[in-house]
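Visitor: File follows, my_file.txt with compact mmCIF, C-alpha atoms:
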# COMPACT_ATOMS: atom_id res chain seq x y z
CA MET A 1 -2.02 -60.35 -24.51
CA LYS A 2 -2.44 -56.89 -25.91
CA ASP A 3 1.19 -55.82 -25.23
CA GLU A 4 2.51 -59.09 -26.66
CA GLU A 5 0.42 -58.59 -29.75
CA LYS A 6 1.84 -55.11 -30.16
CA TYR A 7 5.37 -56.46 -29.67
CA ALA A 8 4.71 -59.15 -32.24
CA ALA A 9 3.28 -56.58 -34.57
CA GLY A 10 6.42 -54.53 -34.10
CA ASN A 11 8.64 -57.49 -34.92
CA SER A 12 6.63 -58.30 -37.99
CA GLY A 13 7.68 -55.03 -39.49
CA ASP A 14 4.62 -52.97 -38.53
CA SER A 15 5.49 -49.66 -36.87
CA PHE A 16 3.99 -48.55 -33.56
CA SER A 17 1.72 -45.56 -33.59
CA GLU A 18 2.42 -42.57 -31.33
CA ASP A 19 -0.44 -43.60 -29.09
CA ASP A 20 0.98 -47.12 -28.82
CA THR A 21 4.37 -45.75 -27.81
CA ARG A 22 2.76 -43.52 -25.18
CA GLU A 23 0.75 -46.42 -23.79
CA ILE A 24 3.78 -48.73 -23.58
CA ALA A 25 5.81 -46.01 -21.85
CA MET A 26 3.02 -45.39 -19.31
CA HIS A 27 2.75 -49.19 -18.74
CA CYS A 28 6.46 -49.37 -17.95
CA GLY A 29 6.22 -46.47 -15.46
CA GLU A 30 7.99 -43.98 -17.67
CA LYS A 31 6.83 -40.63 -18.97
CA PRO A 32 6.87 -39.98 -22.68
CA ASP A 33 9.48 -37.53 -23.88
CA ALA A 34 6.85 -34.81 -24.45
CA GLU A 35 5.73 -35.00 -20.79
CA ALA A 36 9.12 -35.59 -19.20
CA GLU A 37 10.24 -32.74 -16.92
CA GLU A 38 13.67 -31.52 -17.67
CA ALA A 39 15.78 -31.05 -14.52
CA PRO A 40 17.84 -27.86 -14.65
CA ALA A 41 21.51 -28.39 -15.17
CA PRO A 42 23.87 -27.75 -12.22
CA GLN A 43 25.25 -24.69 -14.02
CA GLU A 44 21.75 -23.22 -14.37
CA LEU A 45 21.08 -23.86 -10.66
CA ASP A 46 24.27 -22.00 -9.77
CA GLU A 47 23.22 -19.06 -11.97
CA LEU A 48 19.75 -18.97 -10.36
CA ARG A 49 21.28 -19.02 -6.88
CA ALA A 50 23.67 -16.21 -7.84
CA LYS A 51 20.80 -14.11 -9.21
CA ALA A 52 18.72 -14.74 -6.08
CA ALA A 53 21.67 -13.69 -3.90
CA GLU A 54 22.15 -10.55 -6.02
CA ARG A 55 18.43 -9.77 -5.73
CA ASP A 56 18.56 -10.16 -1.93
CA LYS A 57 21.63 -7.91 -1.82
CA PHE A 58 19.90 -5.15 -3.83
CA LEU A 59 16.74 -5.49 -1.72
CA ASP A 60 18.78 -5.12 1.47
CA GLN A 61 20.55 -2.06 0.05
CA LEU A 62 17.21 -0.52 -0.93
CA GLN A 63 15.74 -1.12 2.52
CA ARG A 64 18.81 0.40 4.18
CA ALA A 65 18.74 3.43 1.85
CA THR A 66 15.03 3.93 2.54
CA ALA A 67 15.57 3.73 6.31
CA ASP A 68 18.51 6.18 6.08
CA PHE A 69 16.40 8.63 4.07
CA ILE A 70 13.52 8.46 6.56
CA ASN A 71 15.96 9.06 9.44
CA TYR A 72 17.49 11.98 7.51
CA GLN A 73 14.04 13.53 7.01
CA LYS A 74 13.27 13.19 10.73
CA ARG A 75 16.65 14.66 11.69
CA MET A 76 16.19 17.62 9.31
CA ALA A 77 12.68 18.29 10.63
CA LYS A 78 14.01 18.23 14.20
CA GLU A 79 16.86 20.58 13.31
CA ARG A 80 14.50 22.99 11.53
CA GLN A 81 12.22 23.00 14.57
CA SER A 82 15.20 23.63 16.87
CA ILE A 83 16.43 26.52 14.69
CA ARG A 84 12.93 27.99 14.57
CA GLN A 85 12.57 27.80 18.35
CA ALA A 86 15.99 29.40 18.91
CA ALA A 87 15.18 32.23 16.47
CA LEU A 88 11.76 32.78 18.06
CA ARG A 89 13.30 32.82 21.54
CA ASP A 90 15.88 35.42 20.49
CA LEU A 91 13.19 37.59 18.86
CA MET A 92 10.79 37.44 21.79
CA GLU A 93 13.59 38.16 24.26
CA ALA A 94 14.65 41.20 22.20
CA LEU A 95 11.07 42.51 22.21
CA LEU A 96 10.48 42.18 25.96
CA PRO A 97 11.74 45.73 26.65
CA VAL A 98 8.80 46.97 24.56
CA LEU A 99 6.43 45.34 27.05
CA ASP A 100 8.46 46.78 29.93
CA ASN A 101 8.14 50.28 28.46
CA LEU A 102 4.40 49.85 28.03
CA GLU A 103 4.17 48.82 31.70
CA HIS A 104 6.14 51.95 32.69
CA ALA A 105 3.87 54.07 30.50
CA ILE A 106 0.80 52.62 32.21
CA ALA A 107 2.27 53.36 35.64
CA ALA A 108 2.99 56.98 34.58
CA ALA A 109 -0.44 57.38 32.94
CA LYS A 110 -2.15 56.41 36.20
CA ASN A 111 -0.92 59.70 37.67
CA SER A 112 -2.08 61.68 34.68
CA PRO A 113 -5.45 63.49 34.68
CA ASP A 114 -5.86 62.34 31.06
CA LYS A 115 -7.73 59.04 31.46
CA ALA A 116 -7.75 58.49 27.69
CA LEU A 117 -3.94 58.22 27.82
CA LEU A 118 -4.10 55.42 30.39
CA GLU A 119 -6.77 53.65 28.40
CA GLY A 120 -4.79 53.92 25.13
CA VAL A 121 -1.53 52.66 26.60
CA THR A 122 -3.33 49.81 28.38
CA LEU A 123 -4.97 48.77 25.11
CA ALA A 124 -1.57 48.82 23.38
CA ARG A 125 -0.04 46.68 26.16
CA ASP A 126 -2.91 44.19 26.05
CA GLU A 127 -2.65 43.89 22.25
CA ALA A 128 1.09 43.31 22.50
CA LEU A 129 0.52 40.59 25.13
CA ARG A 130 -2.07 38.96 22.87
CA ILE A 131 0.39 38.84 19.98
CA PHE A 132 3.15 37.50 22.23
CA GLY A 133 0.70 34.90 23.51
CA ASN A 134 0.09 33.70 19.95
CA PHE A 135 3.79 32.75 19.86
CA GLY A 136 3.65 30.93 23.21
CA VAL A 137 4.86 33.79 25.45
CA GLU A 138 3.13 34.08 28.84
CA GLN A 139 3.69 36.34 31.83
CA ILE A 140 5.06 35.07 35.13
CA ARG A 141 3.09 36.98 37.73
CA PRO A 142 4.09 35.87 41.24
CA VAL A 143 1.65 36.43 44.07
CA ALA A 144 2.81 38.06 47.32
CA GLY A 145 3.58 35.30 49.78
CA GLU A 146 4.47 32.82 47.06
CA ARG A 147 7.56 30.71 47.72
CA PHE A 148 10.67 31.98 45.94
CA ASP A 149 11.45 29.73 42.96
CA PRO A 150 14.90 30.27 41.39
CA ASN A 151 13.59 28.73 38.13
CA LEU A 152 11.02 31.52 37.79
CA HIS A 153 12.23 34.32 40.02
CA GLU A 154 15.32 36.49 40.27
CA ALA A 155 15.86 38.03 43.71
CA VAL A 156 17.02 41.63 43.27
CA MET A 157 16.21 42.86 46.77
CA ILE A 158 15.94 41.39 50.25
CA GLU A 159 13.17 42.80 52.41
CA GLU A 160 13.49 42.26 56.13
CA THR A 161 10.00 41.90 57.51
CA ASP A 162 7.98 40.08 60.15
CA ASN A 163 4.89 40.23 57.96
CA ALA A 164 5.97 37.50 55.49
CA SER A 165 7.49 34.05 55.70
CA GLU A 166 11.18 33.57 55.04
CA ASN A 167 12.10 33.18 51.35
CA THR A 168 8.73 34.29 49.99
CA VAL A 169 8.02 36.92 47.36
CA THR A 170 6.90 40.25 48.76
CA GLU A 171 6.80 42.33 45.57
CA GLU A 172 7.34 42.07 41.82
CA VAL A 173 9.97 44.47 40.49
CA ARG A 174 9.96 43.46 36.80
CA THR A 175 7.64 41.03 35.05
CA GLY A 176 9.06 37.74 33.82
CA TYR A 177 7.93 35.61 30.88
CA THR A 178 7.89 32.01 29.73
CA LEU A 179 8.07 30.71 26.15
CA ASP A 180 6.27 27.41 25.57
CA GLY A 181 6.43 26.72 29.28
CA LYS A 182 10.17 27.43 29.61
CA THR A 183 11.49 30.51 31.36
CA LEU A 184 12.31 33.22 28.84
CA ARG A 185 13.12 35.82 31.48
CA ALA A 186 12.79 35.36 35.24
CA THR A 187 10.62 37.76 37.21
CA GLN A 188 12.64 40.16 39.32
CA VAL A 189 11.27 40.15 42.86
CA LYS A 190 11.83 41.27 46.43
CA VAL A 191 12.28 38.35 48.81
CA ALA A 192 11.33 38.33 52.49
CA ARG A 193 13.81 37.65 55.25
CA LYS A 194 13.28 37.74 58.97
CA PRO A 195 15.02 40.72 60.62
CA LEU A 196 18.22 40.00 62.47
CA ARG A 197 17.71 40.36 66.22
CA GLY A 198 20.50 42.05 68.18
Here is a file; write its structure as C-alpha cells.
Guide:
Amino acid sequence: MKDEEKYAAGNSGDSFSEDDTREIAMHCGEKPDAEAEEAPAPQELDELRAKAAERDKFLDQLQRATADFINYQKRMAKERQSIRQAALRDLMEALLPVLDNLEHAIAAAKNSPDKALLEGVTLARDEALRIFGNFGVEQIRPVAGERFDPNLHEAVMIEETDNASENTVTEEVRTGYTLDGKTLRATQVKVARKPLRG
C-alpha cells in the first residue's frame, strides 16, 4: 500500500516531504497547519462583542441626535413663521385707518365738483388695497340682507324695520378685513330687528 510504503520509508530513516505530510493529513481527515482555521480566543470574542455594543450605542446616539436636530429645525421654522404672521398682523391692523381715511376721502370727493379729485383718491385707495392684498389682506363686504355673522360682523346699530329679516345686515358702517382668511377686523354693520308692536 502506498501509505504503508511511506510509513516504512519514514521508519527507515527517510524523511517525508511536505507534500507527503499534506497528503497523509488529508487522508486522516485533518487539515494541514497552513490551512487550519484558527478559532478566536474567548477573550477576543468578548472584545469584539464589546466593540459591537459600543458601535451600536454610538449609532443610536447619532440617530437620536439627528432626529432631535431635525425636530429643532422644524420647531424653529414654525416659530419664525408664527412671529412673522404676528408681526404682519400687527402692521396691517395699524395701517387699516389709512384705508378708512381713503374711503372717507372718496365719500367727500363725490360731493366735490372736481372729478379729478375723486379719481385720484380712488386710484390711491385701489393701489393701497392691491398692496394689502399682496400680503393676504382682503375686504369683508357684507351684502344687505346677509345673515349677521359674529365672526365677521360687529353690530354697532340696531335698525327696526319691516323691510328686512330679523338679524340680517342692513348697512355697512365701517369696512372689515381678513388676513389669510382670518378676521383682522370685523365689519361694523347695522342689524335689522322687527319693530316692537304696542
Visitor: Within 7 Å of Arg193 of chain A, counting all atoms listed in the file, which residues qualify if same-chain residues fewer than 2 places away don't, as an MDAnalysis selection string?
Guide: chainID A and resid 158:161 166:167 191 195
Visitor: Quick one: pull the distance between atom CA of Leu184 of chain A and atom CA of Val137 of chain A, Å, one decimal.
Guide: 8.2 Å
Visitor: In Å, how far is it from atom CA of Pro113 of chain A to atom CA of Ala128 of chain A?
Guide: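 These two atoms are separated by 24.5 Å.
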Visitor: Grab the atom CA of Lys190 of chain A to atom CA of Glu138 of chain A distance for me, in Å with one decimal place.
Guide: 20.9 Å
Visitor: Around (2.1, 36.8, 35.9) in the file's frame, which residues reach within 9 Å when counting all atoms listed in the file? Return as number ranges by chain?
Guide: A: 138-143, 175-177, 187
Visitor: Taking into account all atoms listed in the file, which residue in the set A:Ala109, A:Thr66, A:Arg185, A:Glu44 is nearest to Ala94 of chain A?
Guide: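 Closest to Ala94 of chain A, using all atoms listed in the file: A:Arg185.
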Visitor: May I ask which of the residues A:Glu154, A:Gly136, A:Ala105, A:Ala124 is the closest one to Gln85 of chain A, counting all atoms listed in the file?
Guide: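 The answer is A:Gly136, which sits nearest to Gln85 of chain A.
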Visitor: Env of segment 145-150 of chain A: 9 Å cut, atoms = only C-alpha atoms, seq-sep filter 4 positions within chain, self excluded. Answer as a list of chain:residue names.
Guide: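 Listing them by chain and then by number gives A:Glu154, A:Ala155, A:Ala164, A:Ser165, A:Glu166, A:Asn167, A:Thr168, A:Val169, A:Thr170, A:Glu171, A:Ala186, A:Val189, A:Val191, A:Ala192.
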Visitor: Which residue out of A:Met157, A:Asn163, A:Leu48, A:Asp114 has the minimum interatomic distance to Gln188 of chain A when only C-alpha atoms are used?
Guide: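 Ranked by minimum distance to Gln188 of chain A, first place goes to A:Met157.
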